[in-house]
Amino acid sequence: MEIKRVGVVGCGLMGSGITEVCARSGYDVLTTDIKQEFLDKGIGNIWTSLERGVKKGRLTEQEKDAIAGRIRGTLNMEDFSDRDLVIEAAIENMAEKKKIFAALDKICPPNAILASNTSCLSVLDMAIVTKRPDKVLGLHFFNPVPVMQLVEIVKTLVTSEEVISIGEAFCKSLGKQPVHCKDTPGFLANRLGMAYLVYVFRCYEQGIASKEDIDKAMRLGFNHPMGPLELSDFIGLDTIYYIMVSMYEELHDPLFAPPVILKKMVTAGQLGRKTGKGFYEYK
Ligand code: 3HC
């Protein structure tokens, strides 16, 4: 099966990034969101990123226009009736995701592949609300999508090998480097990454070092591009909290029990860069 037409559900940070990389790689992309303002914002971010590409000499005006010409937004998911692959990148809420997968199953052609960009939820739970669970997989991208090389390919108990192979070829066609993992909470990267961040928060809570020194230690000592607290602000503390809670609930592993400091900051609306304050302040 050849993938030509891609649909992306959700045009937020991840959905707009996925839309951009698909269009850059020659796919016809249709993206949807629940409100026009969300679509406008996401597509606006893509235009800004393409303009930056032109300014930096990585894209010509013609290439930029061709990429932009491959992207369309719609508020009507019924328009996804001709899509070969749909990637869901909506809110991390299982009830909402199930509604989306059930709707896509009715709208999309019977052979279309349905993927979720969820960072931690069970892909199988989304698959079983469709009549094509063998054609449902996880394709988990990383933020910022145009920059980050990794995509996790998540195989549920019932995803077919053929669909996994198509998913892998698709990720490679985007210039990404896939890894394969089982449909377990946090998959691979967040299982490892959250174990790291949860321990960082505990060290910070215990006052082992200042936030600046914690970040400096990992930037300079381990050559990470961002220290863990800067990274947490970048990801969003609400997102991290949500991932930790869902991993803790599923795995019952005390390692992932969210530290009190994280819960308090989320309650106070200190979510990181997106709210202007997290571990650090942002203008
Ligand atoms: N979109 C597109 N391009 C972007 C971008 C964005 N949002 N942010 C940065 N870039 C590009 C810049 O244009 C620049 O490109 P160039 O070198 O070709 O000109 C390049 O990335 C480097 O950007 P900057 O010079 O502005 O800044 P940095 O060198 O500090 O890099 C960074 C920024 C790429 C974000 C880097 O700090 C980094 O890699 N941080 C770690 C990110 C990370 O770990 N992400 C994973 C989060 S976890 C996740 O997503 C999983 C989820 O489930 C929680």
# chains A, B, ... in the order shown; residues from 1 in each chain; ligands from 1
$ residues_near_ligand --ligand "ligand 1" --cutoff "6 Å" --atoms "only C-alpha atoms and all ligand atoms" --output "number ranges by chain"
A: 49, 119, 142-144, 146-147, 225-226, 235
$ residues_around --residues "A:Lys176" --least-positions-apart "4" --cutoff "12 Å" --atoms "only C-alpha atoms" --output "list in words"
Ile18, Val21, Cys22, Ser25, Leu139, His140, Phe141, Phe142, Val145, Pro146, Val147, Met148, Gln149, Leu150, Val151, Glu152, Ile153, Gly167, Glu168, Ala169, Phe170, Cys171 and Lys172 of chain A
$ atom_distance --atom1 "atom CA of A:Ile166" --atom2 "atom CA of A:Ile3"
8.4 Å
$ closest_atom_pairs --of "stretch 216-250 of chain A" --to "stretch 114-118 of chain A" --cutoff "12 Å" --atoms "only C-alpha atoms" --output "JSON lines"
{"residue": "A:Thr239", "atom": "CA", "partner": "A:Thr118", "partner_atom": "CA", "distance": 11.2}
{"residue": "A:Tyr242", "atom": "CA", "partner": "A:Thr118", "partner_atom": "CA", "distance": 11.8}
{"residue": "A:Ile243", "atom": "CA", "partner": "A:Thr118", "partner_atom": "CA", "distance": 10.0}
{"residue": "A:Ser246", "atom": "CA", "partner": "A:Thr118", "partner_atom": "CA", "distance": 11.9}
$ write_last_selection --atoms "C-alpha atoms" --output "PDB file, in the first residue's frame"
ATOM      1  CA  THR A 239       2.242  17.068  30.206  1.00  0.00           C
ATOM      2  CA  TYR A 242      -0.047  13.609  33.164  1.00  0.00           C
ATOM      3  CA  ILE A 243       2.449  11.098  31.749  1.00  0.00           C
ATOM      4  CA  SER A 246      -0.818   7.514  33.849  1.00  0.00           C
TER       5      SER A 246
END
$ select_by_dssp --residues "stretch 112-253 of chain A" --states "helix (DSSP H, G or I)" --output "NGL selection string"
:A and (123-127 or 133-135 or 161-173 or 189-205 or 211-222 or 228-235 or 237-251)
$ select_by_dssp --residues "stretch 123-215 of chain A" --states "strand (DSSP E)" --output "PyMOL selection string"
chain A and resi 136-141+150-155+177-182
$ residues_around --residues "stretch 128-134 of chain A" --least-positions-apart "5" --cutoff "7 Å" --atoms "only C-alpha atoms" --output "PyMOL selection string"
chain A and resi 98+101-102+105+158-160
$ write_last_selection --atoms "C-alpha atoms" --output "PDB file, in the first residue's frame"
ATOM      1  CA  LYS A  98     -11.630   6.799  21.458  1.00  0.00           C
ATOM      2  CA  PHE A 101     -10.757   6.723  16.400  1.00  0.00           C
ATOM      3  CA  ALA A 102     -14.389   5.583  16.214  1.00  0.00           C
ATOM      4  CA  ASP A 105     -13.002   4.348  11.360  1.00  0.00           C
ATOM      5  CA  VAL A 158      -3.051  -6.941  17.234  1.00  0.00           C
ATOM      6  CA  THR A 159      -1.230  -4.547  14.864  1.00  0.00           C
ATOM      7  CA  SER A 160      -0.248  -6.433  11.716  1.00  0.00           C
TER       8      SER A 160
END
$ residues_around --residues "stretch 77-92 of chain A" --least-positions-apart "5" --cutoff "7 Å" --atoms "only C-alpha atoms" --output "PDB file with all heavy atoms, in the first residue's frame"
ATOM      1  N   ILE A   3       1.368   5.252   0.620  1.00  0.00           N
ATOM      2  CA  ILE A   3       0.758   6.380   1.322  1.00  0.00           C
ATOM      3  C   ILE A   3       1.027   7.657   0.538  1.00  0.00           C
ATOM      4  O   ILE A   3       2.186   7.975   0.248  1.00  0.00           O
ATOM      5  CB  ILE A   3       1.299   6.471   2.760  1.00  0.00           C
ATOM      6  CG1 ILE A   3       0.768   5.279   3.544  1.00  0.00           C
ATOM      7  CG2 ILE A   3       0.881   7.780   3.430  1.00  0.00           C
ATOM      8  CD1 ILE A   3       1.358   5.100   4.887  1.00  0.00           C
ATOM      9  N   LYS A   4      -0.033   8.348   0.189  1.00  0.00           N
ATOM     10  CA  LYS A   4       0.117   9.632  -0.529  1.00  0.00           C
ATOM     11  C   LYS A   4      -0.571  10.751   0.235  1.00  0.00           C
ATOM     12  O   LYS A   4      -0.074  11.849   0.320  1.00  0.00           O
ATOM     13  CB  LYS A   4      -0.527   9.537  -1.923  1.00  0.00           C
ATOM     14  CG  LYS A   4       0.264   8.693  -2.900  1.00  0.00           C
ATOM     15  CD  LYS A   4      -0.378   8.787  -4.266  1.00  0.00           C
ATOM     16  CE  LYS A   4       0.419   7.976  -5.274  1.00  0.00           C
ATOM     17  NZ  LYS A   4      -0.397   7.614  -6.425  1.00  0.00           N
ATOM     18  N   ARG A   5      -1.760  10.422   0.775  1.00  0.00           N
ATOM     19  CA  ARG A   5      -2.565  11.452   1.440  1.00  0.00           C
ATOM     20  C   ARG A   5      -2.607  11.180   2.944  1.00  0.00           C
ATOM     21  O   ARG A   5      -3.037  10.102   3.373  1.00  0.00           O
ATOM     22  CB  ARG A   5      -3.984  11.465   0.860  1.00  0.00           C
ATOM     23  CG  ARG A   5      -4.031  11.996  -0.572  1.00  0.00           C
ATOM     24  CD  ARG A   5      -5.412  11.844  -1.170  1.00  0.00           C
ATOM     25  NE  ARG A   5      -5.717  10.436  -1.360  1.00  0.00           N
ATOM     26  CZ  ARG A   5      -5.454   9.752  -2.470  1.00  0.00           C
ATOM     27  NH1 ARG A   5      -4.912  10.356  -3.500  1.00  0.00           N
ATOM     28  NH2 ARG A   5      -5.734   8.470  -2.559  1.00  0.00           N
ATOM     29  N   VAL A   6      -2.142  12.167   3.691  1.00  0.00           N
ATOM     30  CA  VAL A   6      -2.056  12.006   5.147  1.00  0.00           C
ATOM     31  C   VAL A   6      -3.059  12.958   5.808  1.00  0.00           C
ATOM     32  O   VAL A   6      -3.247  14.082   5.349  1.00  0.00           O
ATOM     33  CB  VAL A   6      -0.617  12.331   5.639  1.00  0.00           C
ATOM     34  CG1 VAL A   6      -0.513  12.237   7.160  1.00  0.00           C
ATOM     35  CG2 VAL A   6       0.389  11.384   4.985  1.00  0.00           C
ATOM     36  N   GLY A   7      -3.663  12.492   6.885  1.00  0.00           N
ATOM     37  CA  GLY A   7      -4.524  13.357   7.692  1.00  0.00           C
ATOM     38  C   GLY A   7      -3.904  13.500   9.072  1.00  0.00           C
ATOM     39  O   GLY A   7      -3.291  12.558   9.579  1.00  0.00           O
ATOM     40  N   VAL A   8      -4.016  14.680   9.666  1.00  0.00           N
ATOM     41  CA  VAL A   8      -3.507  14.885  11.023  1.00  0.00           C
ATOM     42  C   VAL A   8      -4.636  15.483  11.861  1.00  0.00           C
ATOM     43  O   VAL A   8      -5.175  16.548  11.522  1.00  0.00           O
ATOM     44  CB  VAL A   8      -2.268  15.818  11.033  1.00  0.00           C
ATOM     45  CG1 VAL A   8      -1.769  16.020  12.464  1.00  0.00           C
ATOM     46  CG2 VAL A   8      -1.141  15.242  10.166  1.00  0.00           C
ATOM     47  N   VAL A   9      -5.004  14.792  12.926  1.00  0.00           N
ATOM     48  CA  VAL A   9      -6.085  15.274  13.807  1.00  0.00           C
ATOM     49  C   VAL A   9      -5.435  16.029  14.973  1.00  0.00           C
ATOM     50  O   VAL A   9      -4.672  15.442  15.743  1.00  0.00           O
ATOM     51  CB  VAL A   9      -6.936  14.111  14.341  1.00  0.00           C
ATOM     52  CG1 VAL A   9      -8.042  14.648  15.261  1.00  0.00           C
ATOM     53  CG2 VAL A   9      -7.541  13.314  13.197  1.00  0.00           C
ATOM     54  N   GLY A  10      -5.741  17.307  15.070  1.00  0.00           N
ATOM     55  CA  GLY A  10      -5.129  18.140  16.116  1.00  0.00           C
ATOM     56  C   GLY A  10      -4.015  18.955  15.472  1.00  0.00           C
ATOM     57  O   GLY A  10      -3.105  18.390  14.865  1.00  0.00           O
ATOM     58  N   MET A  14       2.276  19.500  18.483  1.00  0.00           N
ATOM     59  CA  MET A  14       2.720  18.255  17.844  1.00  0.00           C
ATOM     60  C   MET A  14       2.058  18.073  16.477  1.00  0.00           C
ATOM     61  O   MET A  14       2.725  17.747  15.498  1.00  0.00           O
ATOM     62  CB  MET A  14       2.404  17.045  18.739  1.00  0.00           C
ATOM     63  CG  MET A  14       3.119  17.066  20.069  1.00  0.00           C
ATOM     64  SD  MET A  14       4.911  17.198  19.913  1.00  0.00           S
ATOM     65  CE  MET A  14       5.354  15.565  19.349  1.00  0.00           C
ATOM     66  N   GLY A  15       0.744  18.315  16.405  1.00  0.00           N
ATOM     67  CA  GLY A  15       0.028  18.109  15.143  1.00  0.00           C
ATOM     68  C   GLY A  15       0.549  19.016  14.037  1.00  0.00           C
ATOM     69  O   GLY A  15       0.722  18.580  12.889  1.00  0.00           O
ATOM     70  N   THR A  32      -6.914  18.871  10.895  1.00  0.00           N
ATOM     71  CA  THR A  32      -8.173  19.339  11.465  1.00  0.00           C
ATOM     72  C   THR A  32      -8.005  19.651  12.952  1.00  0.00           C
ATOM     73  O   THR A  32      -7.102  19.125  13.600  1.00  0.00           O
ATOM     74  CB  THR A  32      -9.285  18.277  11.284  1.00  0.00           C
ATOM     75  OG1 THR A  32     -10.526  18.822  11.749  1.00  0.00           O
ATOM     76  CG2 THR A  32      -9.020  17.005  12.071  1.00  0.00           C
ATOM     77  N   ILE A 107     -15.215   7.161   8.770  1.00  0.00           N
ATOM     78  CA  ILE A 107     -14.986   8.110   7.672  1.00  0.00           C
ATOM     79  C   ILE A 107     -13.938   7.615   6.662  1.00  0.00           C
ATOM     80  O   ILE A 107     -14.108   7.767   5.449  1.00  0.00           O
ATOM     81  CB  ILE A 107     -14.524   9.475   8.258  1.00  0.00           C
ATOM     82  CG1 ILE A 107     -15.644  10.108   9.088  1.00  0.00           C
ATOM     83  CG2 ILE A 107     -14.047  10.415   7.155  1.00  0.00           C
ATOM     84  CD1 ILE A 107     -15.176  11.236  10.003  1.00  0.00           C
ATOM     85  N   CYS A 108     -12.847   7.044   7.149  1.00  0.00           N
ATOM     86  CA  CYS A 108     -11.693   6.743   6.279  1.00  0.00           C
ATOM     87  C   CYS A 108     -11.927   5.479   5.449  1.00  0.00           C
ATOM     88  O   CYS A 108     -12.694   4.604   5.854  1.00  0.00           O
ATOM     89  CB  CYS A 108     -10.438   6.570   7.127  1.00  0.00           C
ATOM     90  SG  CYS A 108     -10.010   8.067   8.012  1.00  0.00           S
ATOM     91  N   PRO A 109     -11.209   5.368   4.315  1.00  0.00           N
ATOM     92  CA  PRO A 109     -11.342   4.157   3.504  1.00  0.00           C
ATOM     93  C   PRO A 109     -10.960   2.923   4.334  1.00  0.00           C
ATOM     94  O   PRO A 109     -10.133   3.032   5.247  1.00  0.00           O
ATOM     95  CB  PRO A 109     -10.314   4.367   2.376  1.00  0.00           C
ATOM     96  CG  PRO A 109      -9.974   5.814   2.402  1.00  0.00           C
ATOM     97  CD  PRO A 109     -10.259   6.335   3.753  1.00  0.00           C
ATOM     98  N   ALA A 112      -7.301   2.269   5.061  1.00  0.00           N
ATOM     99  CA  ALA A 112      -6.462   3.342   5.620  1.00  0.00           C
ATOM    100  C   ALA A 112      -5.887   2.918   6.975  1.00  0.00           C
ATOM    101  O   ALA A 112      -6.518   2.179   7.739  1.00  0.00           O
ATOM    102  CB  ALA A 112      -7.293   4.614   5.788  1.00  0.00           C
ATOM    103  N   ILE A 113      -4.673   3.402   7.236  1.00  0.00           N
ATOM    104  CA  ILE A 113      -4.003   3.104   8.509  1.00  0.00           C
ATOM    105  C   ILE A 113      -4.273   4.265   9.472  1.00  0.00           C
ATOM    106  O   ILE A 113      -4.219   5.434   9.076  1.00  0.00           O
ATOM    107  CB  ILE A 113      -2.489   2.931   8.272  1.00  0.00           C
ATOM    108  CG1 ILE A 113      -2.261   1.685   7.404  1.00  0.00           C
ATOM    109  CG2 ILE A 113      -1.721   2.839   9.581  1.00  0.00           C
ATOM    110  CD1 ILE A 113      -0.824   1.492   6.975  1.00  0.00           C
ATOM    111  N   LEU A 114      -4.562   3.918  10.725  1.00  0.00           N
ATOM    112  CA  LEU A 114      -4.819   4.942  11.747  1.00  0.00           C
ATOM    113  C   LEU A 114      -3.712   4.874  12.794  1.00  0.00           C
ATOM    114  O   LEU A 114      -3.413   3.793  13.319  1.00  0.00           O
ATOM    115  CB  LEU A 114      -6.182   4.704  12.405  1.00  0.00           C
ATOM    116  CG  LEU A 114      -7.390   4.594  11.453  1.00  0.00           C
ATOM    117  CD1 LEU A 114      -8.672   4.378  12.261  1.00  0.00           C
ATOM    118  CD2 LEU A 114      -7.516   5.830  10.566  1.00  0.00           C
ATOM    119  N   ALA A 115      -3.109   6.036  13.086  1.00  0.00           N
ATOM    120  CA  ALA A 115      -2.003   6.067  14.044  1.00  0.00           C
ATOM    121  C   ALA A 115      -2.308   7.072  15.142  1.00  0.00           C
ATOM    122  O   ALA A 115      -3.020   8.052  14.923  1.00  0.00           O
ATOM    123  CB  ALA A 115      -0.710   6.464  13.327  1.00  0.00           C
ATOM    124  N   SER A 116      -1.739   6.831  16.318  1.00  0.00           N
ATOM    125  CA  SER A 116      -1.841   7.820  17.402  1.00  0.00           C
ATOM    126  C   SER A 116      -0.446   8.307  17.762  1.00  0.00           C
ATOM    127  O   SER A 116       0.499   7.523  17.825  1.00  0.00           O
ATOM    128  CB  SER A 116      -2.496   7.211  18.637  1.00  0.00           C
ATOM    129  OG  SER A 116      -2.475   8.174  19.681  1.00  0.00           O
ATOM    130  N   ASN A 117      -0.368   9.614  18.010  1.00  0.00           N
ATOM    131  CA  ASN A 117       0.890  10.206  18.483  1.00  0.00           C
ATOM    132  C   ASN A 117       0.910  10.262  20.019  1.00  0.00           C
ATOM    133  O   ASN A 117       1.688  11.002  20.607  1.00  0.00           O
ATOM    134  CB  ASN A 117       1.033  11.622  17.894  1.00  0.00           C
ATOM    135  CG  ASN A 117       2.266  12.333  18.391  1.00  0.00           C
ATOM    136  OD1 ASN A 117       3.382  11.861  18.226  1.00  0.00           O
ATOM    137  ND2 ASN A 117       2.087  13.484  19.029  1.00  0.00           N
ATOM    138  N   THR A 118       0.061   9.478  20.675  1.00  0.00           N
ATOM    139  CA  THR A 118       0.034   9.545  22.138  1.00  0.00           C
ATOM    140  C   THR A 118       1.426   9.292  22.725  1.00  0.00           C
ATOM    141  O   THR A 118       2.209   8.516  22.182  1.00  0.00           O
ATOM    142  CB  THR A 118      -0.973   8.526  22.724  1.00  0.00           C
ATOM    143  OG1 THR A 118      -0.956   8.663  24.144  1.00  0.00           O
ATOM    144  CG2 THR A 118      -0.648   7.093  22.357  1.00  0.00           C
TER     145      THR A 118
END
$ atom_distance --atom1 "atom CA of A:Phe256" --atom2 "atom CA of A:Gly272"
20.2 Å
$ atom_distance --atom1 "atom CA of A:Glu230" --atom2 "atom CA of A:Phe279"
7.3 Å
$ closest_residue --among "A:Cys120, A:Ile208, A:Leu137, A:Leu13" --to "A:Glu250" --atoms "only C-alpha atoms"
A:Cys120
$ residues_around --residues "stretch 260-268 of chain A" --least-positions-apart "5" --cutoff "7 Å" --atoms "only C-alpha atoms" --output "short mmCIF file (atom, residue, chain, number, x, y, z; two decimals) with all heavy atoms, in the first residue's frame"
data_model
loop_
_atom_site.label_atom_id
_atom_site.label_comp_id
_atom_site.auth_asym_id
_atom_site.auth_seq_id
_atom_site.Cartn_x
_atom_site.Cartn_y
_atom_site.Cartn_z
N GLU A 205 13.64 18.88 45.00
CA GLU A 205 12.80 19.00 46.20
C GLU A 205 13.65 18.89 47.47
O GLU A 205 13.41 19.59 48.45
CB GLU A 205 11.78 17.85 46.23
CG GLU A 205 10.39 18.25 45.96
CD GLU A 205 9.45 17.03 45.88
OE1 GLU A 205 9.89 15.86 45.87
OE2 GLU A 205 8.25 17.26 45.83
N LEU A 237 4.95 21.21 32.22
CA LEU A 237 4.89 20.42 33.46
C LEU A 237 3.57 19.66 33.57
O LEU A 237 3.52 18.58 34.16
CB LEU A 237 5.09 21.33 34.69
CG LEU A 237 6.41 22.10 34.72
CD1 LEU A 237 6.63 22.76 36.07
CD2 LEU A 237 7.60 21.22 34.40
N ASP A 238 2.51 20.21 32.96
CA ASP A 238 1.23 19.48 32.97
C ASP A 238 1.35 18.19 32.16
O ASP A 238 0.85 17.13 32.57
CB ASP A 238 0.09 20.36 32.43
CG ASP A 238 0.40 20.99 31.07
OD1 ASP A 238 1.60 21.09 30.70
OD2 ASP A 238 -0.55 21.36 30.37
N TYR A 241 3.39 15.76 34.21
CA TYR A 241 2.58 15.26 35.33
C TYR A 241 1.59 14.20 34.84
O TYR A 241 1.46 13.13 35.42
CB TYR A 241 1.84 16.44 35.98
CG TYR A 241 0.96 16.03 37.13
CD1 TYR A 241 1.51 15.58 38.33
CD2 TYR A 241 -0.43 16.08 37.01
CE1 TYR A 241 0.69 15.18 39.37
CE2 TYR A 241 -1.24 15.68 38.05
CZ TYR A 241 -0.67 15.24 39.23
OH TYR A 241 -1.49 14.84 40.26
#
